[in-house]
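The next block is upload_15.txt, given as compact mmCIF, C-alpha atoms.
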# COMPACT_ATOMS: atom_id res chain seq x y z
CA MET A 285 -41.69 -5.48 51.60
CA ASN A 286 -40.66 -8.54 53.58
CA TYR A 287 -37.87 -9.90 51.37
CA ASP A 288 -37.32 -13.09 53.36
CA LYS A 289 -41.00 -13.99 53.09
CA LEU A 290 -41.00 -13.21 49.38
CA LYS A 291 -37.90 -15.36 48.89
CA ASP A 292 -39.63 -18.26 50.66
CA LYS A 293 -42.65 -17.89 48.39
CA LEU A 294 -40.42 -17.81 45.35
CA GLU A 295 -38.63 -21.02 46.32
CA ILE A 296 -41.92 -22.85 46.92
CA LEU A 297 -43.77 -21.63 43.84
CA ALA A 298 -40.84 -21.88 41.44
CA ASP A 299 -40.22 -25.46 42.54
CA ALA A 300 -43.89 -26.34 42.08
CA ALA A 301 -43.83 -24.93 38.54
CA LYS A 302 -41.04 -27.25 37.35
CA TYR A 303 -43.51 -30.00 36.41
CA ASP A 304 -44.98 -27.85 33.65
CA VAL A 305 -42.68 -28.24 30.62
CA SER A 306 -44.77 -26.28 28.11
CA CYS A 307 -42.84 -23.06 28.56
CA SER A 308 -41.47 -22.45 25.06
CA SER A 309 -41.66 -18.90 23.74
CA SER A 310 -41.31 -19.58 20.03
CA GLY A 311 -43.49 -17.40 17.86
CA GLY A 312 -43.55 -14.26 19.97
CA ASN A 313 -43.14 -11.05 17.95
CA ARG A 314 -44.16 -8.23 20.26
CA LYS A 315 -41.95 -5.21 19.44
CA ASN A 316 -40.89 -2.42 21.76
CA SER A 317 -42.22 0.50 19.75
CA ASN A 318 -43.29 2.80 22.59
CA LYS A 319 -40.09 3.14 24.61
CA GLY A 320 -41.37 0.59 27.08
CA LEU A 321 -39.59 -2.20 28.94
CA GLY A 322 -38.56 -5.39 27.16
CA ASP A 323 -38.88 -6.81 23.69
CA SER A 324 -40.28 -10.20 22.65
CA SER A 325 -38.67 -11.13 19.35
CA ALA A 326 -39.54 -13.96 17.01
CA SER A 327 -36.45 -15.89 18.07
CA GLY A 328 -37.95 -16.43 21.52
CA ILE A 329 -36.88 -15.65 25.04
CA CYS A 330 -33.82 -16.71 26.99
CA HIS A 331 -34.06 -20.06 28.76
CA THR A 332 -31.76 -22.31 30.66
CA TYR A 333 -31.76 -26.05 29.90
CA THR A 334 -31.23 -28.97 32.21
CA GLU A 335 -29.05 -31.92 31.21
CA ASP A 336 -32.08 -33.94 30.06
CA GLY A 337 -33.12 -31.17 27.66
CA ARG A 338 -36.02 -29.74 29.63
CA CYS A 339 -36.67 -26.07 29.04
CA VAL A 340 -36.61 -23.96 32.18
CA SER A 341 -37.81 -20.37 31.99
CA LEU A 342 -35.82 -18.04 34.18
CA LEU A 343 -39.03 -16.76 35.75
CA LYS A 344 -41.39 -19.69 35.75
CA ILE A 345 -43.69 -19.68 38.76
CA LEU A 346 -47.13 -20.49 40.08
CA LEU A 347 -49.35 -17.72 41.36
CA THR A 348 -50.28 -20.17 44.12
CA ASN A 349 -49.96 -23.86 44.95
CA PHE A 350 -53.26 -23.88 46.81
CA CYS A 351 -55.78 -25.92 44.80
CA ILE A 352 -59.39 -27.00 45.16
CA TYR A 353 -58.77 -30.16 43.12
CA ASP A 354 -57.29 -33.44 44.27
CA CYS A 355 -55.69 -34.76 41.07
CA ALA A 356 -53.70 -37.84 42.08
CA TYR A 357 -50.81 -37.03 39.70
CA CYS A 358 -50.33 -33.42 40.85
CA VAL A 359 -47.95 -32.31 43.58
CA THR A 360 -50.23 -29.37 44.45
CA ARG A 361 -53.34 -31.53 44.98
CA LYS A 362 -55.35 -30.42 48.00
CA SER A 363 -54.72 -33.65 49.96
CA ASN A 364 -50.94 -33.40 49.64
CA ASP A 365 -49.17 -32.34 52.82
CA ILE A 366 -46.88 -29.66 51.42
CA GLU A 367 -46.02 -26.10 52.35
CA ARG A 368 -48.46 -23.73 50.68
CA ALA A 369 -47.87 -20.20 49.43
CA ALA A 370 -49.48 -17.59 47.22
CA PHE A 371 -48.21 -14.46 45.51
CA THR A 372 -50.27 -11.33 45.28
CA VAL A 373 -50.73 -9.85 41.82
CA GLU A 374 -48.44 -6.97 42.77
CA GLU A 375 -45.68 -9.31 43.96
CA VAL A 376 -45.59 -11.17 40.64
CA VAL A 377 -45.50 -7.88 38.74
CA ASP A 378 -42.69 -6.52 40.92
CA LEU A 379 -40.66 -9.73 40.62
CA THR A 380 -41.00 -9.71 36.85
CA ILE A 381 -39.90 -6.10 36.52
CA ASN A 382 -37.03 -6.48 39.00
CA PHE A 383 -35.80 -9.69 37.37
CA TYR A 384 -35.97 -8.13 33.93
CA ARG A 385 -34.10 -4.98 34.91
CA ARG A 386 -31.31 -7.13 36.33
CA ASN A 387 -31.15 -9.08 33.06
CA TYR A 388 -32.23 -12.34 34.74
CA ILE A 389 -35.21 -12.91 32.45
CA GLU A 390 -36.75 -11.92 29.14
CA GLY A 391 -40.32 -12.75 30.08
CA LEU A 392 -42.78 -14.47 32.37
CA PHE A 393 -44.36 -17.93 32.44
CA LEU A 394 -47.23 -17.85 34.94
CA SER A 395 -49.39 -20.77 35.99
CA SER A 396 -51.43 -21.43 39.10
CA GLY A 397 -53.25 -23.87 41.28
CA ILE A 398 -56.98 -23.22 41.29
CA PHE A 399 -58.30 -21.51 44.39
CA LYS A 400 -62.02 -20.74 44.95
CA ASN A 401 -62.99 -21.32 41.30
CA ALA A 402 -61.69 -21.09 37.73
CA ASP A 403 -62.73 -17.50 37.04
CA TYR A 404 -61.39 -16.21 40.37
CA THR A 405 -57.97 -17.67 39.54
CA MET A 406 -57.95 -16.74 35.85
CA GLU A 407 -58.91 -13.15 36.66
CA ARG A 408 -55.77 -12.79 38.79
CA LEU A 409 -53.53 -14.23 36.10
CA VAL A 410 -55.00 -11.74 33.64
CA ARG A 411 -54.48 -8.89 36.10
CA VAL A 412 -50.78 -9.68 36.28
CA ALA A 413 -50.41 -9.49 32.50
CA LYS A 414 -52.60 -6.40 32.26
CA LYS A 415 -50.60 -4.54 34.91
CA LEU A 416 -47.32 -5.41 33.23
CA ARG A 417 -48.55 -4.22 29.83
CA LEU A 418 -50.52 -1.11 30.78
CA GLU A 419 -48.95 0.18 33.99
CA HIS A 420 -45.32 -0.80 33.40
CA ASN A 421 -45.29 -0.68 29.61
CA PHE A 422 -43.72 -4.16 29.60
CA ASN A 423 -43.17 -5.54 26.09
CA GLY A 424 -41.41 -8.74 27.11
CA TYR A 425 -42.81 -12.22 26.56
CA ILE A 426 -45.78 -13.35 28.67
CA HIS A 427 -47.10 -16.90 28.70
CA LEU A 428 -50.25 -17.50 30.74
CA LYS A 429 -51.53 -20.91 31.70
CA SER A 430 -55.27 -20.97 31.10
CA ILE A 431 -57.51 -22.31 33.85
CA PRO A 432 -59.98 -25.11 32.97
CA GLY A 433 -63.52 -23.78 33.05
CA ALA A 434 -62.57 -20.10 32.77
CA SER A 435 -65.13 -17.87 31.05
CA ASP A 436 -64.84 -16.75 27.42
CA ASP A 437 -64.58 -13.11 28.50
CA LEU A 438 -61.53 -13.82 30.67
CA MET A 439 -59.93 -15.96 27.97
CA ARG A 440 -60.42 -13.14 25.44
CA GLU A 441 -58.86 -10.61 27.81
CA ALA A 442 -55.96 -12.98 28.53
CA GLY A 443 -55.24 -13.26 24.81
CA LEU A 444 -55.02 -9.49 24.46
CA TYR A 445 -52.21 -9.23 27.01
CA ALA A 446 -50.38 -12.57 26.75
CA ASP A 447 -48.15 -13.70 23.90
CA ARG A 448 -49.09 -17.33 24.35
CA LEU A 449 -51.91 -19.14 26.12
CA SER A 450 -51.75 -22.78 27.07
CA MET A 451 -54.22 -25.23 28.53
CA ASN A 452 -52.81 -28.49 29.84
CA LEU A 453 -54.80 -31.51 28.72
CA GLU A 454 -52.91 -33.35 31.50
CA ILE A 455 -54.07 -36.94 30.95
CA PRO A 456 -54.31 -37.89 27.24
CA THR A 457 -57.75 -39.51 27.41
CA GLU A 458 -61.02 -38.66 29.11
CA SER A 459 -61.15 -42.06 30.81
CA GLY A 460 -57.65 -41.58 32.22
CA LEU A 461 -58.59 -38.16 33.60
CA LYS A 462 -61.73 -39.58 35.24
CA LEU A 463 -59.61 -42.24 36.92
CA LEU A 464 -57.07 -39.87 38.49
CA ALA A 465 -59.01 -36.59 38.69
CA PRO A 466 -62.72 -37.52 38.99
CA ASP A 467 -63.73 -34.00 40.02
CA LYS A 468 -62.34 -32.53 36.77
CA ASN A 469 -64.27 -32.29 33.53
CA HIS A 470 -62.41 -33.06 30.29
CA GLN A 471 -64.70 -30.66 28.42
CA ASP A 472 -63.64 -27.78 30.70
CA MET A 473 -60.18 -28.12 29.14
CA ILE A 474 -61.40 -28.48 25.57
CA ASN A 475 -63.75 -25.48 25.54
CA PRO A 476 -61.08 -22.80 26.22
CA MET A 477 -58.83 -24.34 23.54
CA ARG A 478 -61.65 -24.16 21.01
CA PHE A 479 -62.44 -20.59 22.03
CA VAL A 480 -58.80 -19.50 21.63
CA LYS A 481 -58.60 -21.20 18.23
CA ASN A 482 -61.69 -19.33 17.02
CA GLU A 483 -60.44 -16.02 18.42
CA LEU A 484 -57.07 -16.47 16.72
CA ILE A 485 -58.83 -16.99 13.39
CA GLN A 486 -61.15 -14.04 13.93
CA TYR A 487 -58.41 -11.59 14.96
CA LYS A 488 -56.28 -12.69 12.02
CA GLU A 489 -59.13 -11.96 9.62
CA GLU A 490 -59.86 -8.61 11.25
CA LYS A 491 -56.18 -7.67 11.04
CA LYS A 492 -56.40 -8.00 7.25
CA LYS A 493 -59.17 -5.38 7.22
CA PHE A 494 -58.09 -3.09 10.04
CA LYS A 495 -54.44 -2.45 10.85
CA SER A 496 -55.43 -1.16 14.29
CA THR A 497 -56.71 -4.59 15.34
CA PRO A 498 -54.82 -5.56 18.51
CA LYS A 499 -52.71 -8.69 18.78
CA PHE A 500 -54.39 -11.76 20.22
CA ALA A 501 -52.02 -14.41 21.62
CA PRO A 502 -49.57 -13.86 18.74
CA ALA A 503 -47.51 -16.92 19.73
CA GLY A 504 -50.61 -19.13 19.62
CA GLN A 505 -51.62 -21.80 22.11
CA SER A 506 -50.06 -25.01 23.37
CA THR A 507 -50.94 -27.94 25.59
CA GLN A 508 -49.22 -30.66 27.62
CA VAL A 509 -49.96 -34.32 28.31
CA ILE A 510 -48.54 -36.48 31.06
CA VAL A 511 -46.94 -39.70 29.85
CA GLY A 512 -46.91 -42.84 31.99
CA ALA A 513 -49.33 -41.88 34.76
CA THR A 514 -52.10 -43.91 33.11
CA GLN A 515 -52.18 -46.83 30.69
CA GLU A 516 -52.50 -44.96 27.38
CA ASN A 517 -50.13 -46.29 24.74
CA ASP A 518 -48.03 -44.20 22.34
CA PHE A 519 -50.47 -44.84 19.49
CA GLN A 520 -53.23 -43.15 21.51
CA ILE A 521 -51.01 -40.26 22.60
CA ILE A 522 -49.79 -39.55 19.07
CA HIS A 523 -53.35 -39.55 17.75
CA VAL A 524 -54.44 -37.18 20.53
CA ALA A 525 -51.64 -34.79 19.53
CA ASP A 526 -52.53 -35.15 15.85
CA HIS A 527 -56.15 -34.31 16.66
CA PHE A 528 -55.20 -31.08 18.42
CA TYR A 529 -52.78 -30.02 15.71
CA ASN A 530 -55.40 -30.54 13.02
CA ASN A 531 -58.50 -29.26 14.83
CA PHE A 532 -57.29 -26.64 17.31
CA ASN A 533 -54.46 -24.91 15.44
CA MET A 534 -52.20 -25.98 18.29
CA LYS A 535 -48.72 -24.48 18.16
CA ARG A 536 -47.11 -27.20 20.26
CA VAL A 537 -48.03 -30.33 22.16
CA TYR A 538 -45.64 -31.08 25.03
CA TYR A 539 -45.03 -34.49 26.58
CA SER A 540 -44.07 -34.84 30.23
CA GLY A 541 -42.89 -38.15 31.63
CA TYR A 542 -44.72 -38.77 34.90
CA VAL A 543 -42.58 -38.21 37.99
CA PRO A 544 -43.89 -40.49 40.78
CA ILE A 545 -44.90 -38.23 43.66
CA SER A 546 -47.69 -40.21 45.33
CA ASN A 547 -48.33 -43.55 47.00
CA ASP A 548 -51.71 -43.74 45.29
CA THR A 549 -52.27 -47.30 44.02
CA ARG A 550 -53.66 -45.92 40.74
CA LEU A 551 -50.23 -44.52 39.88
CA PRO A 552 -46.69 -45.89 39.36
CA ALA A 553 -45.02 -46.35 42.74
CA ILE A 554 -42.58 -43.80 44.11
CA GLY A 555 -39.13 -44.78 42.89
CA THR A 556 -40.41 -45.97 39.50
CA GLN A 557 -38.16 -44.65 36.76
CA VAL A 558 -39.42 -41.57 34.93
CA PRO A 559 -40.09 -42.58 31.27
CA LEU A 560 -37.63 -40.08 29.82
CA ILE A 561 -36.66 -42.13 26.76
CA ARG A 562 -40.32 -42.69 25.93
CA GLU A 563 -40.94 -38.96 26.36
CA ASN A 564 -38.08 -38.22 23.98
CA ARG A 565 -39.41 -40.66 21.38
CA LEU A 566 -42.81 -38.95 21.53
CA TYR A 567 -41.18 -35.58 20.87
CA GLN A 568 -39.36 -37.11 17.89
CA ALA A 569 -42.65 -38.55 16.58
CA ASP A 570 -44.24 -35.14 17.08
CA TRP A 571 -41.56 -33.54 14.89
CA LEU A 572 -42.15 -36.13 12.19
CA MET A 573 -45.79 -35.06 12.02
CA ARG A 574 -45.06 -31.34 12.17
CA PHE A 575 -42.05 -31.04 9.86
CA TYR A 576 -41.42 -34.27 7.94
CA GLY A 577 -44.80 -35.00 6.38
CA PHE A 578 -45.56 -38.17 8.36
CA LYS A 579 -49.13 -39.08 9.24
CA ALA A 580 -49.98 -40.39 12.69
CA ASN A 581 -51.01 -43.76 11.23
CA GLU A 582 -47.60 -44.16 9.61
CA ILE A 583 -45.63 -43.70 12.82
CA LEU A 584 -47.45 -46.44 14.76
CA GLU A 585 -50.11 -49.05 14.14
CA LYS A 586 -52.79 -50.35 16.50
CA ASP A 587 -51.22 -53.79 16.70
CA ASN A 588 -47.82 -52.26 17.52
CA PRO A 589 -48.82 -49.31 19.73
CA PHE A 590 -45.52 -48.38 21.41
CA LEU A 591 -42.54 -46.55 19.96
CA ASP A 592 -39.27 -48.46 19.82
CA LEU A 593 -37.06 -47.20 22.65
CA ASP A 594 -33.89 -48.42 20.90
CA VAL A 595 -34.23 -46.31 17.74
CA ASP A 596 -35.95 -43.04 16.84
CA PRO A 597 -39.40 -43.17 15.17
CA LYS A 598 -38.06 -42.32 11.70
CA MET A 599 -35.59 -45.16 11.90
CA GLY A 600 -38.38 -47.39 13.17
CA TRP A 601 -40.52 -46.50 10.14
CA ALA A 602 -37.61 -47.15 7.79
CA LEU A 603 -36.94 -50.58 9.29
CA ARG A 604 -40.62 -51.49 8.85
CA ASN A 605 -40.65 -50.20 5.27
CA ILE A 606 -37.41 -51.52 3.82
CA THR A 607 -39.03 -51.83 0.37
CA GLN A 608 -39.06 -48.00 0.16
CA PHE A 609 -35.25 -48.00 0.14
CA PRO A 610 -32.62 -47.28 -1.01
CA VAL A 611 -33.50 -43.69 -1.78
CA ILE A 612 -31.60 -42.39 -4.80
CA ILE A 613 -30.25 -39.09 -3.52
CA GLN A 614 -29.66 -37.64 -6.98
CA SER A 615 -33.26 -37.97 -8.17
CA ALA A 616 -35.65 -38.79 -5.30
CA PRO A 617 -38.37 -36.24 -4.43
CA LEU A 618 -37.91 -34.07 -1.36
CA GLU A 619 -40.73 -35.90 0.41
CA MET A 620 -38.81 -39.19 0.25
CA ILE A 621 -35.45 -37.67 1.15
CA LEU A 622 -37.10 -36.34 4.32
CA ARG A 623 -37.90 -39.93 5.27
CA VAL A 624 -34.31 -41.11 5.25
CA PRO A 625 -32.97 -41.63 8.80
CA GLY A 626 -30.22 -39.14 9.55
CA ILE A 627 -31.43 -36.46 7.12
CA GLY A 628 -33.03 -33.41 8.69
CA VAL A 629 -35.26 -30.79 7.12
CA LYS A 630 -32.49 -28.30 6.40
CA SER A 631 -30.18 -30.99 5.05
CA ALA A 632 -32.93 -32.33 2.77
CA HIS A 633 -33.46 -28.90 1.21
CA LYS A 634 -29.70 -28.45 0.82
CA ILE A 635 -29.50 -31.80 -0.97
CA VAL A 636 -32.25 -30.84 -3.42
CA HIS A 637 -30.46 -27.57 -4.14
CA ALA A 638 -26.91 -28.99 -4.36
CA ARG A 639 -27.72 -31.92 -6.64
CA ARG A 640 -28.65 -29.50 -9.42
CA PHE A 641 -24.96 -28.64 -9.78
CA GLN A 642 -23.12 -31.90 -9.06
CA ASN A 643 -23.48 -35.60 -8.42
CA LEU A 644 -23.55 -35.98 -4.65
CA THR A 645 -21.28 -38.41 -2.83
CA MET A 646 -21.23 -39.51 0.79
CA GLU A 647 -18.56 -36.89 1.50
CA HIS A 648 -20.82 -34.18 0.11
CA LEU A 649 -23.62 -35.34 2.38
CA LYS A 650 -21.32 -35.16 5.40
CA LYS A 651 -20.48 -31.54 4.57
CA ILE A 652 -24.16 -30.73 4.11
CA GLY A 653 -24.83 -31.96 7.65
CA VAL A 654 -26.35 -35.40 7.11
CA SER A 655 -25.86 -37.94 9.90
CA VAL A 656 -24.19 -40.41 7.57
CA ASN A 657 -23.77 -43.13 10.20
CA ARG A 658 -27.56 -43.63 10.02
CA ALA A 659 -28.34 -42.56 6.47
CA LYS A 660 -25.70 -44.74 4.80
CA TYR A 661 -27.82 -47.90 5.11
CA PHE A 662 -30.75 -46.36 3.21
CA ILE A 663 -29.36 -44.23 0.38
CA SER A 664 -27.78 -44.60 -3.03
CA VAL A 665 -25.21 -41.94 -3.93
CA SER A 666 -23.00 -41.26 -6.94
CA ASN A 667 -20.03 -43.22 -5.64
CA GLU A 668 -20.25 -46.77 -4.34
CA ASN A 669 -22.03 -47.26 -1.01
CA MET A 670 -20.77 -50.50 0.55
CA HIS A 671 -23.33 -50.33 3.36
CA LEU A 672 -26.27 -51.07 1.05
CA LYS A 673 -25.33 -54.74 1.25
CA PHE A 674 -26.85 -54.71 4.75
CA LEU A 675 -30.20 -53.23 3.66
CA ASN A 676 -32.01 -56.57 3.51
CA ALA A 677 -30.16 -58.17 6.41
CA LEU A 678 -32.42 -59.65 9.08
CA ASN A 679 -30.27 -58.06 11.78
CA LEU A 680 -30.12 -54.58 10.19
CA LYS A 681 -31.37 -52.95 13.39
CA GLU A 682 -28.55 -54.52 15.43
CA ILE A 683 -26.00 -53.46 12.82
CA ILE A 684 -27.22 -49.86 12.98
CA LEU A 685 -27.29 -49.81 16.78
CA THR A 686 -23.60 -50.64 16.92
CA ASP A 687 -22.96 -47.28 15.24
CA MET A 688 -25.17 -45.35 17.62
CA LYS A 689 -24.60 -44.22 21.18
CA SER A 690 -27.53 -43.46 23.42
CA LYS A 691 -27.62 -40.00 24.97
CA PHE A 692 -29.52 -41.54 27.87
CA GLU A 693 -26.63 -43.62 29.17
CA LYS A 694 -25.91 -41.35 32.10
CA PRO A 695 -28.50 -40.49 34.78
CA PHE A 696 -29.95 -37.03 34.65
CA ASP A 697 -29.45 -34.34 37.23
CA ASN A 698 -32.45 -32.84 38.94
CA GLN A 699 -33.95 -29.72 37.42
CA LEU A 700 -31.94 -26.61 38.08
CA SER A 701 -33.15 -24.34 40.85
CA LEU A 702 -34.41 -20.94 39.79
CA LEU A 703 -31.98 -18.84 41.79
CA ASN A 704 -29.58 -19.49 44.62
CA ASP A 705 -30.22 -16.33 46.57
CA ALA A 706 -32.52 -13.34 46.76
CA THR A 707 -30.01 -10.50 46.54
CA PHE A 708 -31.91 -9.20 43.50
CA LEU A 709 -34.81 -8.28 45.78
CA ARG A 710 -32.83 -5.86 47.91
So that I can check it, write out the structure of this file as structure tokens.
Amino acid sequence: MNYDKLKDKLEILADAAKYDVSCSSSGGNRKNSNKGLGDSSASGICHTYTEDGRCVSLLKILLTNFCIYDCAYCVTRKSNDIERAAFTVEEVVDLTINFYRRNYIEGLFLSSGIFKNADYTMERLVRVAKKLRLEHNFNGYIHLKSIPGASDDLMREAGLYADRLSMNLEIPTESGLKLLAPDKNHQDMINPMRFVKNELIQYKEEKKKFKSTPKFAPAGQSTQVIVGATQENDFQIIHVADHFYNNFNMKRVYYSGYVPISNDTRLPAIGTQVPLIRENRLYQADWLMRFYGFKANEILEKDNPFLDLDVDPKMGWALRNITQFPVIIQSAPLEMILRVPGIGVKSAHKIVHARRFQNLTMEHLKKIGVSVNRAKYFISVSNENMHLKFLNALNLKEIILTDMKSKFEKPFDNQLSLLNDATFLR
């Protein structure tokens, strides 16, 4: 094996993979019951995190950065003058096993540019997972990026060997995709998602009848949308995410602020700031829908279609709905306590449990884990809360902001490189 050549490939294809942020492993539960290699537990795999919070899998690579498409927003587009490389199936398998044995990784996130056609590429991704499972008895986490337009048979086989499948929606709307990637078909992305959803339901039902039914993508499926490449507003993006959660059993929707990489006039110019705060607000809105009981229509309205960059979406909702406050901590239902800025899901449940035994004060809430510097303007507790006098103040937002410090004050470092050397290969 030519280790220098393999190292060069790794540097190129790991760097190209950094734009895909949908690499979470939550939900995997593949157990090592046959004395094989690796173990994917429900707590997920080991990642490293960059300063801006992006999740970076320790083996996150493309099979190839050759691509037949010319998507304006993609660094691997066929018209881009970059160095190209491609792994063989055997090289990816060997890298995964060697990395794992040296305790560098707990699993594999594998995506790819599309070369020749969708099925040709998807078949090679499946072969990697199949070889790891059957030939190397690998039980670690495997996340495969589905290829738009891949056949149902290949998608079914992928689900039998991968823990999670994901299909990137890329641009939130069909019109946006047509603008920047006219040779791509929006439906080619939707069809595999629908197929995976139906297969997940079918295998779950069969598992109830037959214990021998194999796992099918036990960690579910996810998708990713690019934010800021086209003119979609946050209202549209949130409703797209809500649609996929409700109709495709989507495990996660990821949001990726567009990084300007092209001089194309259809895109933000190179040097334009990446919309990281907007990206973060979309993730916060996503959590409100998934864990806090908010509906998409509550988070934003058509006539006010962008999230407030100064405050988080829950705070934004509270400021628009002052008449819902103050919330009486001692008696309010859980659903309303969850809507108080500064109170998380775990803290809300602790409050409901603790108030059965004592009258809760602000000090109690601090010990429970409530972010009192935000919550204090919206709650009534057993002892006097002097901050309620500001609840109806016209400048309440400005008052609250003086207590808050933005975590985006300092510029972010670039994404961490995968590895600094290739000594593991020798």
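Our summary of the geometry notes that atom CA of Ser459 of chain A is positioned 23.2 Å from atom CA of Tyr567 of chain A.
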Close residues, Thr360 of chain A itself excluded, 9 Å, all atoms listed in the file, min 5 positions apart in chain, as a ChimeraX atom specification: /A:300,349-351,353-355,365-366,368,397
Nearby residues (all atoms listed in the file) at most 8 Å from Ile652 of chain A, same-chain spacing under 3 positions excluded, as a list of chain:residue names: A:Ser631, A:Lys634, A:Ile635, A:His648, A:Leu649
Proximity to Glu375 of chain A - best of A:Ala638, A:Val359, A:Val509, A:Ile345, all atoms listed in the file: A:Ile345
Long-range neighbours of Arg565 of chain A as a PyMOL selection string, 8 Å cut-off, all atoms listed in the file, 6 positions minimum in chain: chain A and resi 591-593+596-597
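Closest approach to Pro476 of chain A among A:Glu489, A:Lys293, A:Ser430, A:Lys495 is made by A:Ser430 (distances from all atoms listed in the file).
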Atom CA of Lys400 of chain A to atom CA of Ser450 of chain A, straight-line distance in Å: 20.7 Å
Distance query His523 of chain A at most 10 Å, all atoms listed in the file, self and fewer than 2 positions along chain excluded, as a PDB file with C-alpha atoms, in the frame of the given file:
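Result saved to out.pdb:
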ATOM      1  CA  PRO A 456     -54.310 -37.890  27.240  1.00  0.00           C
ATOM      2  CA  ASP A 518     -48.030 -44.200  22.340  1.00  0.00           C
ATOM      3  CA  PHE A 519     -50.470 -44.840  19.490  1.00  0.00           C
ATOM      4  CA  GLN A 520     -53.230 -43.150  21.510  1.00  0.00           C
ATOM      5  CA  ILE A 521     -51.010 -40.260  22.600  1.00  0.00           C
ATOM      6  CA  ALA A 525     -51.640 -34.790  19.530  1.00  0.00           C
ATOM      7  CA  ASP A 526     -52.530 -35.150  15.850  1.00  0.00           C
ATOM      8  CA  HIS A 527     -56.150 -34.310  16.660  1.00  0.00           C
ATOM      9  CA  PHE A 528     -55.200 -31.080  18.420  1.00  0.00           C
ATOM     10  CA  TYR A 529     -52.780 -30.020  15.710  1.00  0.00           C
ATOM     11  CA  LYS A 579     -49.130 -39.080   9.240  1.00  0.00           C
ATOM     12  CA  ALA A 580     -49.980 -40.390  12.690  1.00  0.00           C
ATOM     13  CA  ASN A 581     -51.010 -43.760  11.230  1.00  0.00           C
ATOM     14  CA  LEU A 584     -47.450 -46.440  14.760  1.00  0.00           C
TER      15      LEU A 584
END
Using only C-alpha atoms, which residues of segment 401-477 of chain A come within 12 Å of segment 547-558 of chain A, and what is the closest atom pair for each, with the distance in Å to one decimal? Give it as a Markdown table, sorted by chain and residue number.
| residue | atom | partner | partner_atom | distance |
| --- | --- | --- | --- | --- |
| A:Gly460 | CA | A:Arg550 | CA | 10.4 |
| A:Leu461 | CA | A:Arg550 | CA | 11.6 |
| A:Lys462 | CA | A:Arg550 | CA | 11.6 |
| A:Leu463 | CA | A:Arg550 | CA | 8.0 |
| A:Leu464 | CA | A:Arg550 | CA | 7.3 |
| A:Ala465 | CA | A:Arg550 | CA | 10.9 |
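Coordinates place atom CA of Leu566 of chain A at a distance of 26.1 Å from atom CA of Pro610 of chain A.
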Spatial sel., origin (-29.1, -52.6, 5.6), limit 12 Å, all atoms listed in the file, listed as a PyMOL selection string: chain A and resi 599+602-603+605-607+609-610+657-664+669-685
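Closest approach to Tyr388 of chain A among A:Leu343, A:Leu418, A:Val410, A:Leu644 is made by A:Leu343 (distances from all atoms listed in the file).
When all atoms listed in the file are used to compute distances to Asn475 of chain A, the closest of the residues A:Phe532, A:Trp601, A:Tyr384, A:Tyr487 turns out to be A:Phe532.
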Asp436 of chain A environment, 10 Å, all atoms listed in the file, sequence neighbours closer than 4 positions dropped, as an mmCIF file with C-alpha atoms, in the frame of the given file:
data_model
loop_
_atom_site.group_PDB
_atom_site.id
_atom_site.type_symbol
_atom_site.label_atom_id
_atom_site.label_comp_id
_atom_site.auth_asym_id
_atom_site.auth_seq_id
_atom_site.Cartn_x
_atom_site.Cartn_y
_atom_site.Cartn_z
ATOM 1 C CA ASP A 403 -62.730 -17.500 37.040
ATOM 2 C CA ARG A 440 -60.420 -13.140 25.440
ATOM 3 C CA GLU A 441 -58.860 -10.610 27.810
ATOM 4 C CA ALA A 442 -55.960 -12.980 28.530
ATOM 5 C CA ASN A 475 -63.750 -25.480 25.540
ATOM 6 C CA PRO A 476 -61.080 -22.800 26.220
ATOM 7 C CA PHE A 479 -62.440 -20.590 22.030
ATOM 8 C CA VAL A 480 -58.800 -19.500 21.630
#
